[in-house]
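**Q** Sharing a structure below in structure tokens format, with a few things to ask.
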Amino acid sequence: MQKYLRLLNFRLDVALNDVCELTGLAIIADICKGNPDPISLAKHRNGNCKKSEEEIAEALKENNRTDFLFGLKQEYEAYLFYQKQIESCDKQINTFLKH
């Protein structure tokens, strides 16, 4: 996802330590829904985030490349799929360990 974020000029890696934490994932989800506005994206800032909304908004200047946006959406959906797979696997492991 970071590759496509950079290609789109969304520099979350500059504003956040980990783009897969609460703030980053909320911003990515909103971008994938079609919201490119840096100010409204920055409002997803979680209270634990060290950067201010203004600093985050400054790092989110999109370049309107729909081809890269498509790639980001694909990567985000793949990320969500694998997170569900990991969660399912963890549940199954816990079931096995209880028996």
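Ordering of the structure tokens sets the chain letters (A, B, ...); residue numbers start at 1 within each chain; ligands are numbered from 1 in the order shown.
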As a list in words, please: the residues near region 34-47 of chain A (cut-off 9 Å, only C-alpha atoms, same-chain neighbours under 5 positions excluded).

**A**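 The neighbour list is Phe10, Leu22, Thr23, Gly24, Ala26, Ile27, Ile28, Ala29, Ser52, Glu53, Glu54, Glu55, Ile56, Ala57, Glu58, Ala59, Leu60, Lys61, Glu62, Asn64 and Leu69 of chain A.
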
**Q** For Leu7 (chain A), work out the shell of residues within 12 Å, counting only C-alpha atoms and skipping chain neighbours fewer than 3 positions away, then give it as number ranges by chain.

**A** A: 1-4, 10-12, 60-72

**Q** Mind the document's chain letters and residue numbers, and return as a PyMOL selection string the residues of chain A that DSSP labels alpha helix (DSSP H).

**A** chain A and resi 2-7+12-15+22-32+38-42+53-58+66-98

**Q** Would you mind reading off the distance between CA of Thr95 (chain A) and CA of Tyr82 (chain A), one decimal, in Å?

**A**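 About the pair CA of Thr95 (chain A) and CA of Tyr82 (chain A): they are 19.9 Å apart.
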
**Q** Restricting the calculation to only C-alpha atoms, which member of A:Leu25, A:Leu5, A:Leu97, A:Cys49 is positioned closest to Tyr79 (chain A)?

**A**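 For Tyr79 (chain A), the nearest of the candidates is A:Leu25.
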